[in-house]
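Heads up: the structure comes next, in structure tokens.
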Amino acid sequence: MNRELSPEATELGGHARRALTGTASDAAACEAALGALGAWELDVHAGADELEAAAAICHAAGWCATPYPVAERLAPLGDHVDGAITIVLPCWTLLGMLDRAVDLACRHVRQREQFGRPLADLQGVQFMLTEAEVERAGVDELARYALWSIETARPEMLEDALALRVAAIDAARVVFRVAHQVHGASGFCDDTELSWLSRRSEPLRREPLGGAATLASLTARTDRRGITGLFTGETARRS
């Protein structure tokens, strides 16, 4: 089972991130930048290559917190079997946001000092950042697994997609809480990258289903048999 994105998809994601940098407050500019890369010509049903390319673009859109609904355009609501694409691609966008939040938090603690020492040297800060990274890494693994599940047409692909969304929403709560805490009061100011990123993540965390509703949907589908994907025990514990 290979859960790595193809080199072509990874390269396209890098191009998308560079193209979107500086356009994050302008939806029209975001649409045009991705259009120039051929993003809107992708067909997520055409095979693994195009699906992975779409995931990489969604990740870049999340990193840049673009206001344009990239995932929703690449996989319209009701698309694909049981809507599994429409769940997974927005989670790739949210993963991009989590990656950016952890990056901002790590850069902040390396640059700031307290009591004559970098914040990064404080044990309490290290513990908090480790907690955030564990959550982020878990979503990263589940996102790759859910993509593979769709590519291989696993019968449980919708359950895998829902499990990813449950984990992504829960991880977003932890990651943004930690990132705000290590930033201190500045984390709640409107002019910081982190606060702007956090606000942009809210619609993805609430629509089309919030955490409780997503978990209820997953539970209803799996009933007593449970799920068979990654981190099965962890997902059951959260339930």
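Residue numbering restarts at 1 in every chain; chains get A, B, ... in the order shown in the structure tokens, and ligands count up from 1 in that same order.
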
Would you please give, as a tab-separated table (two decimals) with N, CA and C atoms, in the first residue's frame, all residues of segment 109-225 of chain A that DSSP assigns to strand (DSSP E or B) based on the backbone?
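Final output, out-v4.tsv:
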chain	number	residue	atom	x	y	z
A	113	GLU	N	11.71	35.39	22.78
A	113	GLU	CA	12.42	35.01	23.99
A	113	GLU	C	11.60	35.34	25.23
A	114	GLN	N	11.84	34.57	26.28
A	114	GLN	CA	11.24	34.83	27.58
A	114	GLN	C	12.27	34.49	28.64
A	117	ARG	N	15.62	33.46	27.26
A	117	ARG	CA	15.75	32.21	26.50
A	117	ARG	C	14.69	32.16	25.41
A	118	PRO	N	14.98	31.50	24.28
A	118	PRO	CA	13.95	31.32	23.25
A	118	PRO	C	12.78	30.54	23.82

Mind listing the helix (DSSP H, G or I) residues of segment 26-226 of chain A, per DSSP on the backbone, as number ranges by chain?
A: 27-36, 39-41, 48-63, 70-74, 81-111, 119-121, 123-151, 157-188, 193-206, 211-222

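Distance annotation: of A:Ala167, A:Leu204, A:Leu74, A:Cys64, the residue with the minimal separation from Ala137 of chain A is A:Ala167; atom set is only C-alpha atoms.
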
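Ranking A:Glu193, A:Gly47, A:Ala33, A:Ile169 by their shortest atom-to-atom distance to Val102 of chain A, with only C-alpha atoms included, puts A:Glu193 first.
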